[in-house]
$ cat data34.csv   # CSV, C-alpha atoms and all ligand atoms
chain,number,residue,atom,x,y,z
G,483,MET,CA,55.1,93.5,60.1
G,484,PRO,CA,58.9,92.6,60.0
G,485,MET,CA,59.7,89.2,61.5
G,486,THR,CA,62.7,89.0,63.9
G,487,LEU,CA,64.6,85.8,63.4
G,488,ARG,CA,66.1,84.4,66.6
G,489,THR,CA,69.2,82.2,66.6
G,490,ALA,CA,70.2,79.4,68.9
G,491,GLN,CA,72.4,81.8,70.8
G,492,ASP,CA,69.6,84.2,71.6
G,493,GLN,CA,68.7,84.4,75.2
G,494,ASP,CA,65.9,86.2,77.0
G,495,ALA,CA,66.9,88.8,79.6
G,496,THR,CA,65.6,92.1,80.7
G,497,VAL,CA,68.2,94.7,81.3
G,498,ALA,CA,67.5,97.9,83.3
G,499,VAL,CA,69.7,100.9,82.3
G,500,ALA,CA,69.7,102.9,85.5
G,501,ILE,CA,71.9,105.9,84.8
G,502,GLY,CA,70.9,109.3,86.1
G,503,ASP,CA,72.2,111.3,83.2
G,504,SER,CA,69.6,110.9,80.5
G,505,ALA,CA,71.8,111.6,77.5
G,506,ARG,CA,74.3,109.0,78.7
G,507,ALA,CA,71.5,106.5,79.5
G,508,ALA,CA,70.1,106.9,76.0
G,509,GLU,CA,73.6,106.3,74.5
G,510,TRP,CA,74.1,103.1,76.7
G,511,GLN,CA,70.6,101.8,75.9
G,512,ALA,CA,71.3,102.1,72.2
G,513,ALA,CA,74.8,100.5,72.5
G,514,LEU,CA,73.4,97.6,74.6
G,515,ILE,CA,70.6,97.1,72.0
G,516,ASP,CA,73.4,96.8,69.3
G,517,ALA,CA,75.5,94.5,71.5
G,518,ALA,CA,72.6,92.2,72.7
G,519,PRO,CA,69.6,92.6,70.2
G,520,ASP,CA,68.0,89.5,71.8
G,521,PHE,CA,67.7,91.2,75.2
G,522,THR,CA,65.0,93.6,76.3
G,523,ILE,CA,66.9,96.8,77.2
G,524,VAL,CA,64.8,99.3,79.0
G,525,ARG,CA,65.6,102.7,80.7
G,526,ALA,CA,64.9,102.2,84.4
G,527,GLU,CA,62.7,105.2,84.7
G,528,ALA,CA,60.5,103.9,81.9
G,529,MET,CA,60.0,100.4,83.4
G,530,ALA,CA,56.4,99.7,84.5
G,531,ALA,CA,57.6,96.6,86.4
G,532,PRO,CA,61.2,97.0,87.5
G,533,ALA,CA,61.0,93.8,89.5
G,534,VAL,CA,61.3,91.8,86.2
G,535,ALA,CA,64.8,93.1,85.5
G,536,ASP,CA,67.5,90.4,85.4
G,537,PHE,CA,70.4,92.9,85.2
G,538,ALA,CA,70.9,96.5,86.2
G,539,VAL,CA,73.5,98.6,84.3
G,540,VAL,CA,74.6,101.5,86.6
G,541,TRP,CA,77.4,104.0,87.1
G,542,ARG,CA,77.0,104.5,90.9
G,543,ALA,CA,74.1,103.0,92.9
G,544,PRO,CA,72.6,105.6,95.1
G,545,LEU,CA,70.3,104.4,97.9
G,546,GLY,CA,66.9,103.5,96.6
G,547,MET,CA,68.1,102.4,93.2
G,548,LEU,CA,68.9,98.7,93.7
G,549,SER,CA,65.9,97.9,95.9
G,550,ARG,CA,63.7,98.5,92.8
G,551,PHE,CA,65.2,95.4,91.2
G,552,PRO,CA,64.7,92.5,93.7
G,553,ARG,CA,65.5,89.7,91.2
G,554,LEU,CA,68.8,90.8,89.7
G,555,LYS,CA,71.3,88.2,88.5
G,556,ALA,CA,74.0,90.8,88.5
G,557,VAL,CA,74.7,94.5,88.7
G,558,LEU,CA,76.9,95.8,85.9
G,559,SER,CA,79.1,98.8,86.4
G,560,LEU,CA,79.9,101.4,83.7
G,561,GLY,CA,83.1,102.1,85.6
G,562,ALA,CA,86.2,100.2,86.5
G,563,GLY,CA,85.8,101.3,90.1
G,564,VAL,CA,82.8,99.8,91.9
G,565,ASP,CA,83.2,101.6,95.2
G,566,GLY,CA,79.9,103.4,94.5
G,567,ILE,CA,78.1,100.1,94.1
G,568,LEU,CA,79.7,97.9,96.8
G,569,SER,CA,79.0,100.5,99.4
G,570,ASN,CA,75.2,100.3,98.8
G,571,ARG,CA,73.7,98.3,101.7
G,572,GLU,CA,70.7,97.4,99.4
G,573,LEU,CA,73.0,95.2,97.3
G,574,GLU,CA,71.9,91.6,97.9
G,575,PRO,CA,74.8,89.4,99.2
G,576,GLY,CA,74.7,86.8,96.5
G,577,VAL,CA,74.4,89.3,93.5
G,578,PRO,CA,77.6,89.6,91.5
G,579,VAL,CA,78.9,93.1,90.7
G,580,VAL,CA,80.6,93.2,87.3
G,581,ARG,CA,83.5,95.7,86.7
G,582,MET,CA,84.1,97.5,83.5
G,583,VAL,CA,87.2,96.1,81.8
G,584,ASP,CA,87.5,97.3,78.3
G,585,GLU,CA,90.5,97.9,76.0
G,586,ALA,CA,89.4,101.4,75.0
G,587,LEU,CA,89.1,102.4,78.7
G,588,THR,CA,92.6,101.0,79.4
G,589,GLN,CA,94.1,102.7,76.3
G,590,GLY,CA,92.5,106.0,77.3
G,591,MET,CA,94.0,105.8,80.7
G,592,VAL,CA,97.4,104.9,79.4
G,593,GLU,CA,97.3,108.0,77.1
G,594,TYR,CA,96.3,110.2,80.1
G,595,VAL,CA,99.2,108.9,82.1
G,596,LEU,CA,101.7,109.4,79.3
G,597,TRP,CA,100.4,113.0,78.8
G,598,HIS,CA,101.1,114.0,82.4
G,599,VAL,CA,104.2,111.9,83.1
G,600,LEU,CA,105.9,113.3,80.0
G,601,ARG,CA,104.7,116.8,80.9
G,602,TYR,CA,106.5,116.5,84.2
G,603,GLN,CA,109.5,114.7,82.9
G,604,ARG,CA,110.0,117.4,80.2
G,605,ARG,CA,109.6,120.2,82.8
G,606,ALA,CA,106.6,121.6,80.9
G,607,PRO,CA,105.2,123.6,83.9
G,608,GLU,CA,108.5,125.5,84.3
G,609,LEU,CA,108.7,126.1,80.5
G,610,LEU,CA,105.2,127.3,80.3
G,611,ALA,CA,105.5,129.6,83.3
G,612,ALA,CA,108.7,131.0,81.7
G,613,GLN,CA,106.9,131.7,78.5
G,614,ARG,CA,104.2,133.6,80.3
G,615,ARG,CA,106.9,135.8,81.8
G,616,GLN,CA,108.4,136.0,78.3
G,617,GLU,CA,111.6,134.5,79.7
G,618,TRP,CA,114.0,132.4,77.5
G,619,LEU,CA,114.7,129.5,79.9
G,620,PRO,CA,117.0,126.9,78.4
G,621,ILE,CA,116.6,124.2,81.0
G,622,ALA,CA,117.5,120.5,80.3
G,623,ALA,CA,115.0,117.8,80.8
G,624,PRO,CA,116.2,114.5,82.2
G,625,LEU,CA,115.8,111.4,80.0
G,626,ALA,CA,113.0,109.0,80.9
G,627,SER,CA,115.7,106.5,82.1
G,628,GLU,CA,116.7,109.1,84.7
G,629,ARG,CA,113.2,109.4,86.2
G,630,CYS,CA,111.6,107.0,88.6
G,631,VAL,CA,107.8,106.6,88.3
G,632,GLY,CA,105.8,104.7,91.0
G,633,VAL,CA,102.5,103.1,90.1
G,634,MET,CA,100.2,102.4,93.0
G,635,GLY,CA,97.8,99.6,92.0
G,636,LEU,CA,99.0,97.0,89.4
G,637,GLY,CA,95.5,95.9,88.2
G,638,VAL,CA,94.1,96.3,84.8
G,639,LEU,CA,95.0,100.0,84.5
G,640,GLY,CA,98.1,100.2,86.6
G,641,GLU,CA,99.7,97.3,84.9
G,642,ALA,CA,99.0,98.7,81.4
G,643,ALA,CA,100.4,102.1,82.4
G,644,ALA,CA,103.4,100.6,84.1
G,645,ARG,CA,104.3,98.5,81.1
G,646,ARG,CA,104.0,101.4,78.7
G,647,LEU,CA,106.1,103.7,80.8
G,648,THR,CA,108.7,101.0,81.0
G,649,ALA,CA,108.6,100.6,77.2
G,650,ILE,CA,109.5,104.2,76.7
G,651,GLY,CA,112.4,104.0,79.1
G,652,PHE,CA,111.2,105.1,82.6
G,653,ARG,CA,112.4,103.4,85.7
G,654,VAL,CA,109.1,102.0,87.0
G,655,LYS,CA,108.2,100.7,90.5
G,656,GLY,CA,104.8,99.2,91.2
G,657,TRP,CA,102.8,98.4,94.4
G,658,SER,CA,99.9,96.1,94.8
G,659,ARG,CA,98.1,94.3,97.7
G,660,THR,CA,99.4,90.9,96.7
G,661,PRO,CA,102.8,90.2,95.2
G,662,ARG,CA,103.0,90.7,91.4
G,663,GLN,CA,105.9,90.0,89.0
G,664,LEU,CA,106.1,92.2,85.9
G,665,ASP,CA,109.1,92.2,83.5
G,666,GLY,CA,111.3,95.2,83.9
G,667,ILE,CA,109.3,96.6,86.8
G,668,GLU,CA,110.4,96.6,90.4
G,669,THR,CA,107.4,95.4,92.4
G,670,PHE,CA,106.4,95.7,96.0
G,671,SER,CA,103.3,94.6,97.9
G,672,GLY,CA,101.3,95.1,101.1
G,673,THR,CA,101.8,97.6,103.9
G,674,THR,CA,105.3,96.1,104.5
G,675,GLY,CA,106.3,96.9,101.0
G,676,LEU,CA,105.0,100.4,100.9
G,677,ALA,CA,108.1,102.3,102.2
G,678,GLY,CA,110.4,100.4,99.8
G,679,PHE,CA,108.1,101.3,96.9
G,680,LEU,CA,107.9,105.0,97.7
G,681,GLY,CA,111.6,105.5,98.2
G,682,GLY,CA,113.1,107.5,95.3
G,683,VAL,CA,109.8,107.8,93.4
G,684,GLU,CA,109.7,111.1,91.5
G,685,ILE,CA,106.4,110.8,89.8
G,686,LEU,CA,103.7,108.9,91.7
G,687,ILE,CA,100.5,107.7,90.0
G,688,CYS,CA,97.5,106.4,91.9
G,689,PHE,CA,95.4,103.6,90.4
G,690,LEU,CA,94.1,102.1,93.6
G,691,PRO,CA,90.5,101.1,94.1
G,692,LEU,CA,88.7,103.0,96.9
G,693,THR,CA,88.5,100.7,99.9
G,694,PRO,CA,88.8,101.3,103.7
G,695,GLU,CA,92.5,100.4,103.4
G,696,THR,CA,93.2,102.9,100.6
G,697,GLU,CA,91.1,105.8,101.6
G,698,ASN,CA,93.2,108.9,102.6
G,699,ILE,CA,96.4,107.0,101.6
G,700,LEU,CA,97.7,110.1,99.6
G,701,ALA,CA,98.6,112.0,102.8
G,702,ALA,CA,101.6,113.7,104.5
G,703,PRO,CA,103.5,110.6,105.6
G,704,LEU,CA,103.4,109.2,102.1
G,705,PHE,CA,104.4,112.5,100.5
G,706,ALA,CA,107.4,112.7,102.9
G,707,ALA,CA,108.6,109.2,101.8
G,708,LEU,CA,108.8,110.2,98.1
G,709,ALA,CA,111.9,111.9,96.5
G,710,PRO,CA,111.9,115.6,97.4
G,711,GLY,CA,110.0,117.7,94.8
G,712,ALA,CA,108.0,114.7,93.5
G,713,PHE,CA,104.8,115.0,91.4
G,714,LEU,CA,101.5,113.3,92.1
G,715,ILE,CA,99.0,112.0,89.5
G,716,ASN,CA,95.7,110.8,91.0
G,717,ALA,CA,93.5,109.1,88.4
G,718,ALA,CA,91.6,107.0,90.9
G,719,ARG,CA,89.2,108.5,93.5
G,720,GLY,CA,89.1,111.8,95.3
G,721,GLU,CA,88.8,110.0,98.7
G,722,HIS,CA,92.4,108.7,98.3
G,723,LEU,CA,93.7,112.2,98.8
G,724,VAL,CA,93.9,114.2,102.0
G,725,GLU,CA,93.5,117.6,100.3
G,726,ALA,CA,94.9,119.8,103.1
G,727,ASP,CA,98.1,117.6,103.1
G,728,LEU,CA,98.6,118.1,99.4
G,729,LEU,CA,98.3,121.9,99.7
G,730,GLU,CA,100.8,121.8,102.6
G,731,ALA,CA,103.3,119.6,100.8
G,732,LEU,CA,103.1,121.9,97.7
G,733,ALA,CA,103.6,125.0,99.9
G,734,ALA,CA,106.6,123.4,101.6
G,735,GLY,CA,108.1,122.2,98.3
G,736,ARG,CA,108.0,118.5,99.3
G,737,LEU,CA,105.8,118.0,96.2
G,738,ALA,CA,106.4,120.1,93.1
G,739,GLY,CA,103.0,119.5,91.4
G,740,ALA,CA,99.9,117.4,91.1
G,741,THR,CA,97.5,116.3,88.4
G,742,LEU,CA,94.1,115.4,89.8
G,743,ASP,CA,91.2,113.8,87.9
G,744,ALA,CA,88.9,112.7,90.7
G,745,PHE,CA,87.7,114.7,93.7
G,746,ARG,CA,85.8,114.2,97.0
G,747,THR,CA,83.1,116.5,95.6
G,748,GLU,CA,82.3,116.4,91.9
G,749,PRO,CA,82.0,118.7,90.1
G,750,LEU,CA,84.8,120.4,92.0
G,751,PRO,CA,83.1,123.4,93.9
G,752,ALA,CA,83.7,126.8,92.3
G,753,ASP,CA,85.6,128.1,95.3
G,754,HIS,CA,87.9,125.1,95.8
G,755,PRO,CA,91.6,126.1,96.1
G,756,PHE,CA,92.7,123.5,93.6
G,757,TRP,CA,91.1,125.4,90.7
G,758,LYS,CA,93.6,128.3,90.8
G,759,HIS,CA,96.6,126.6,92.4
G,760,PRO,CA,99.6,127.2,90.1
G,761,ALA,CA,101.0,123.7,90.7
G,762,ILE,CA,97.8,121.7,90.4
G,763,THR,CA,96.3,120.5,87.1
G,764,VAL,CA,92.6,119.8,87.4
G,765,THR,CA,90.8,117.5,84.9
G,766,PRO,CA,87.1,116.8,85.4
G,767,HIS,CA,87.1,113.0,85.9
G,768,VAL,CA,87.9,112.4,82.3
G,769,ALA,CA,91.1,110.5,82.6
G,770,SER,CA,89.4,107.7,80.8
G,771,LEU,CA,85.7,107.5,80.0
G,772,THR,CA,84.1,104.3,79.2
G,773,ARG,CA,83.1,104.1,75.5
G,774,ALA,CA,79.5,102.9,75.1
G,775,ALA,CA,80.1,100.7,72.0
G,776,SER,CA,82.9,98.6,73.3
G,777,GLY,CA,81.7,98.8,76.9
G,778,ALA,CA,78.3,97.4,76.0
G,779,ARG,CA,80.0,94.5,74.2
G,780,HIS,CA,81.9,93.6,77.4
G,781,LEU,CA,78.7,93.9,79.5
G,782,ALA,CA,76.7,91.7,77.0
G,783,ALA,CA,79.4,89.0,77.1
G,784,GLU,CA,79.4,89.0,80.9
G,785,MET,CA,75.5,88.8,81.0
G,786,ARG,CA,75.6,85.9,78.5
G,787,ARG,CA,78.1,84.1,80.7
G,788,ILE,CA,75.8,84.5,83.8
G,789,LEU,CA,72.8,83.3,81.9
G,790,ALA,CA,74.8,80.3,80.8
G,791,GLY,CA,75.5,79.5,84.5
G,792,GLU,CA,79.2,80.6,84.3
G,793,ALA,CA,80.9,83.1,86.5
G,794,PRO,CA,81.5,86.6,85.0
G,795,LEU,CA,85.2,87.2,84.0
G,796,HIS,CA,85.4,90.5,85.9
G,797,ALA,CA,83.3,90.3,89.1
G,798,ALA,CA,84.4,92.5,92.0
G,799,ARG,CA,85.3,90.6,95.1
G,800,ARG,CA,83.1,91.8,97.9
G,801,ASP,CA,85.5,90.4,100.6
G,802,ARG,CA,88.3,92.6,99.4
G,803,GLY,CA,86.2,95.6,98.4
G,804,TYR,CA,87.2,95.9,94.7
Y,901,LIG,P1,91.9,96.7,89.5
Y,901,LIG,O1,92.1,95.9,88.2
Y,901,LIG,O2,90.9,96.1,90.5
Y,901,LIG,O3,93.3,96.9,90.2
Y,901,LIG,C1,93.4,97.3,91.5
Y,901,LIG,C2,94.9,97.3,91.9
Y,901,LIG,O4,95.0,97.9,93.2
Y,901,LIG,C3,95.4,95.8,92.1
Y,901,LIG,O5,96.7,95.7,91.7
Y,901,LIG,C4,95.3,95.6,93.6
Y,901,LIG,O6,96.2,94.7,94.2
Y,901,LIG,C5,95.7,97.0,94.1
Y,901,LIG,N1,95.2,97.2,95.5
Y,901,LIG,C6,94.0,97.1,96.0
Y,901,LIG,N2,94.0,97.4,97.3
Y,901,LIG,C7,95.3,97.6,97.7
Y,901,LIG,C8,95.9,97.9,98.9
Y,901,LIG,N3,95.2,98.0,100.0
Y,901,LIG,N4,97.2,98.0,98.9
Y,901,LIG,C9,98.0,97.9,97.7
Y,901,LIG,N5,97.4,97.7,96.5
Y,901,LIG,C10,96.1,97.5,96.5
Y,901,LIG,O7,91.4,98.1,89.2
Y,901,LIG,P2,91.6,99.0,87.8
Y,901,LIG,O8,90.7,98.5,86.8
Y,901,LIG,O9,93.1,99.0,87.5
Y,901,LIG,O10,91.1,100.4,88.3
Y,901,LIG,C11,91.7,101.1,89.4
Y,901,LIG,C12,90.9,102.3,89.8
Y,901,LIG,O11,91.0,103.3,88.8
Y,901,LIG,C13,89.4,102.1,89.9
Y,901,LIG,O12,89.0,101.5,91.1
Y,901,LIG,C14,88.9,103.5,89.7
Y,901,LIG,O13,88.8,104.1,91.0
Y,901,LIG,C15,89.9,104.2,89.0
Y,901,LIG,N6,89.5,104.6,87.6
Y,901,LIG,C16,89.5,106.0,87.3
Y,901,LIG,C17,89.1,106.4,86.1
Y,901,LIG,C18,89.1,107.9,85.7
Y,901,LIG,O14,88.7,108.3,84.6
Y,901,LIG,N7,89.6,108.7,86.6
Y,901,LIG,C19,88.7,105.5,85.1
Y,901,LIG,C20,88.8,104.1,85.4
Y,901,LIG,C21,89.2,103.7,86.7
Y,901,LIG,P3,96.1,93.1,93.7
Y,901,LIG,O15,96.8,93.0,92.4
Y,901,LIG,O16,96.9,92.4,94.8
Y,901,LIG,O17,94.6,92.7,93.7
Y,902,LIG,C1,85.9,105.9,86.5
Y,902,LIG,O1,86.1,106.6,87.4
Y,902,LIG,C2,85.8,104.5,86.6
Y,902,LIG,O2,85.9,103.9,87.7
Y,902,LIG,O3,85.7,103.8,85.5
$ encode --input "data34.csv" --output "structure tokens"
Amino acid sequence: MPMTLRTAQDQDATVAVAIGDSARAAEWQAALIDAAPDFTIVRAEAMAAPAVADFAVVWRAPLGMLSRFPRLKAVLSLGAGVDGILSNRELEPGVPVVRMVDEALTQGMVEYVLWHVLRYQRRAPELLAAQRRQEWLPIAAPLASERCVGVMGLGVLGEAAARRLTAIGFRVKGWSRTPRQLDGIETFSGTTGLAGFLGGVEILICFLPLTPETENILAAPLFAALAPGAFLINAARGEHLVEADLLEALAAGRLAGATLDAFRTEPLPADHPFWKHPAITVTPHVASLTRAASGARHLAAEMRRILAGEAPLHAARRDRGY
């Protein structure tokens, strides 16, 4: 029988992979075994005694899931957004919730943003519509430096996107809860800074976490404060957007288009008006998917910190809701 050699860094921990989608669960189990071969990594549904789990790896935490694991040292999220975990009343008060922070996730999101911002800046929707009409439409696109992009949320993803947009020449404004200073970016914070942030923004991108303060924020008053004919990109959560207000703003021409990646109901229902709206681009919550290999390395490092008695680097703060 092969002998497994243990090193001084090896630690004992039982990790429950509690992800509903079985293909995804299998992929994460394998990636976690690679990243932490000294841990016992078990699919939650196959655990005879879930109570022994030290850690639970989850995407969202529906009711009934966390109560199966009464001795958790932490809940680890496959996603950057932890709204679907923090909202679970079964989450014990002292148990840390670790967010997904991973270079590949950030890079994927930056690429998604560049795709859609450049599409709008280069007036691609008008050009493609003209092609469908077989119309030769020689319209000029403004330069990036002539376009103002607003980034709501200057955390891991918002900051990376704002920096990249600045690097390719866009005029970028950013908004966060607490004041932030970023080279070359005009920053605003808090509710008092919101109007100043929105003024003149022609392409608005939402990277806010979903909290009671940010729910329904993408609504008629906010749309009215943007430059006329602005575009919206929502890569955060469906609950940020008041859907009827978006449809009305598009019909009235206050907004010229929207790209939406997250929805109140997912998958987006077949009869939803967004599917066929000519000014709306729907993507199926794929703006940036967490890659199992690099994501598992991040989770393993965070679990090792916790086992060593250190605070995880990317714990959500329960008091602020993200
Ligand atoms: P993060 O690092 O926690 O950053 C959140 C940012 O939002 C921070 O700058 C924070 O301000 C700001 N913020 C929070 N509440 C605010 C408020 N009330 N007013 C103004 N600003 C506020 O989050 P992240 O990693 O960048 O991720 C952001 C969100 O993206 C996630 O929560 C998730 O919903 C979404 N996401 C979507 C996908 C996708 O594929 N569609 C993938 C990954 C993530 P402070 O700087 O002051 O804290
Ligand atoms: C995806 O939506 C995430 O929060 O990572």
$ residues_around --input "data34.csv" --residues "Leu692 (chain G)" --least-positions-apart "3" --cutoff "10 Å" --atoms "only C-alpha atoms" --output "list in words"
Gly563, Val564, Asp565, Gly566, Phe689, Glu695, Thr696, Glu697, Asn698, Ile699, Ala718, Arg719, Gly720, Glu721, His722, Gly803 and Tyr804 of chain G
$ residues_near_ligand --input "data34.csv" --ligand "ligand LIG 902 (chain Y)" --cutoff "9 Å" --atoms "only C-alpha atoms and all ligand atoms" --output "ChimeraX atom specification"
/G:541,559-565,581-583,587,691,717-719,743-744,767-772
$ closest_residue --input "data34.csv" --among "G:Glu585, G:Glu784, G:Asp665, G:Asp727" --to "ligand LIG 901 (chain Y)" --atoms "all atoms listed in the file"
G:Glu585
$ atom_distance --input "data34.csv" --atom1 "atom O16 of ligand LIG 901 (chain Y)" --atom2 "CA of Ala644 (chain G)"
15.0 Å
$ closest_residue --input "data34.csv" --among "G:Arg571, G:His796, G:His754, G:His780" --to "ligand LIG 901 (chain Y)" --atoms "only C-alpha atoms and all ligand atoms"
G:His796
$ closest_residue --input "data34.csv" --among "G:Ala518, G:Val764, G:Leu676, G:Leu700" --to "Ala782 (chain G)" --atoms "only C-alpha atoms"
G:Ala518
$ closest_residue --input "data34.csv" --among "G:Ala733, G:Phe713, G:Leu750, G:Thr496" --to "Ile515 (chain G)" --atoms "only C-alpha atoms"
G:Thr496
$ residues_around --input "data34.csv" --residues "Ile667 (chain G)" --least-positions-apart "5" --cutoff "8 Å" --atoms "all atoms listed in the file" --output "PyMOL selection string"
chain G and resi 644-645+648+653-656
$ write_last_selection --input "data34.csv" --atoms "C-alpha atoms" --output "CSV table (one decimal), keeping the file's coordinate frame"
chain,number,residue,atom,x,y,z
G,644,ALA,CA,103.4,100.6,84.1
G,645,ARG,CA,104.3,98.5,81.1
G,648,THR,CA,108.7,101.0,81.0
G,653,ARG,CA,112.4,103.4,85.7
G,654,VAL,CA,109.1,102.0,87.0
G,655,LYS,CA,108.2,100.7,90.5
G,656,GLY,CA,104.8,99.2,91.2
$ residues_around --input "data34.csv" --residues "Asp536 (chain G)" --least-positions-apart "3" --cutoff "12 Å" --atoms "all atoms listed in the file" --output "PyMOL selection string"
chain G and resi 493-499+521-524+531-533+539+548+550-558+577-578+785-786+788-789
$ write_last_selection --input "data34.csv" --atoms "C-alpha atoms" --output "short mmCIF file (atom, residue, chain, number, x, y, z; two decimals), keeping the file's coordinate frame"
data_model
loop_
_atom_site.label_atom_id
_atom_site.label_comp_id
_atom_site.auth_asym_id
_atom_site.auth_seq_id
_atom_site.Cartn_x
_atom_site.Cartn_y
_atom_site.Cartn_z
CA GLN G 493 68.70 84.40 75.20
CA ASP G 494 65.90 86.20 77.00
CA ALA G 495 66.90 88.80 79.60
CA THR G 496 65.60 92.10 80.70
CA VAL G 497 68.20 94.70 81.30
CA ALA G 498 67.50 97.90 83.30
CA VAL G 499 69.70 100.90 82.30
CA PHE G 521 67.70 91.20 75.20
CA THR G 522 65.00 93.60 76.30
CA ILE G 523 66.90 96.80 77.20
CA VAL G 524 64.80 99.30 79.00
CA ALA G 531 57.60 96.60 86.40
CA PRO G 532 61.20 97.00 87.50
CA ALA G 533 61.00 93.80 89.50
CA VAL G 539 73.50 98.60 84.30
CA LEU G 548 68.90 98.70 93.70
CA ARG G 550 63.70 98.50 92.80
CA PHE G 551 65.20 95.40 91.20
CA PRO G 552 64.70 92.50 93.70
CA ARG G 553 65.50 89.70 91.20
CA LEU G 554 68.80 90.80 89.70
CA LYS G 555 71.30 88.20 88.50
CA ALA G 556 74.00 90.80 88.50
CA VAL G 557 74.70 94.50 88.70
CA LEU G 558 76.90 95.80 85.90
CA VAL G 577 74.40 89.30 93.50
CA PRO G 578 77.60 89.60 91.50
CA MET G 785 75.50 88.80 81.00
CA ARG G 786 75.60 85.90 78.50
CA ILE G 788 75.80 84.50 83.80
CA LEU G 789 72.80 83.30 81.90
#
$ atom_distance --input "data34.csv" --atom1 "atom O6 of ligand LIG 901 (chain Y)" --atom2 "CA of Thr660 (chain G)"
5.6 Å
$ residues_around --input "data34.csv" --residues "Ala623 (chain G)" --least-positions-apart "3" --cutoff "8 Å" --atoms "only C-alpha atoms" --output "JSON list (two decimals) with C-alpha atoms, keeping the file's coordinate frame"
[["chain", "number", "residue", "atom", "x", "y", "z"],
["G", 603, "GLN", "CA", 109.50, 114.70, 82.90],
["G", 604, "ARG", "CA", 110.00, 117.40, 80.20],
["G", 605, "ARG", "CA", 109.60, 120.20, 82.80]]
$ closest_residue --input "data34.csv" --among "G:Glu593, G:Glu608, G:Glu617, G:Glu572" --to "ligand LIG 901 (chain Y)" --atoms "all atoms listed in the file"
G:Glu593
$ closest_residue --input "data34.csv" --among "G:Arg802, G:Arg615, G:Lys758, G:Arg787" --to "ligand LIG 901 (chain Y)" --atoms "all atoms listed in the file"
G:Arg802
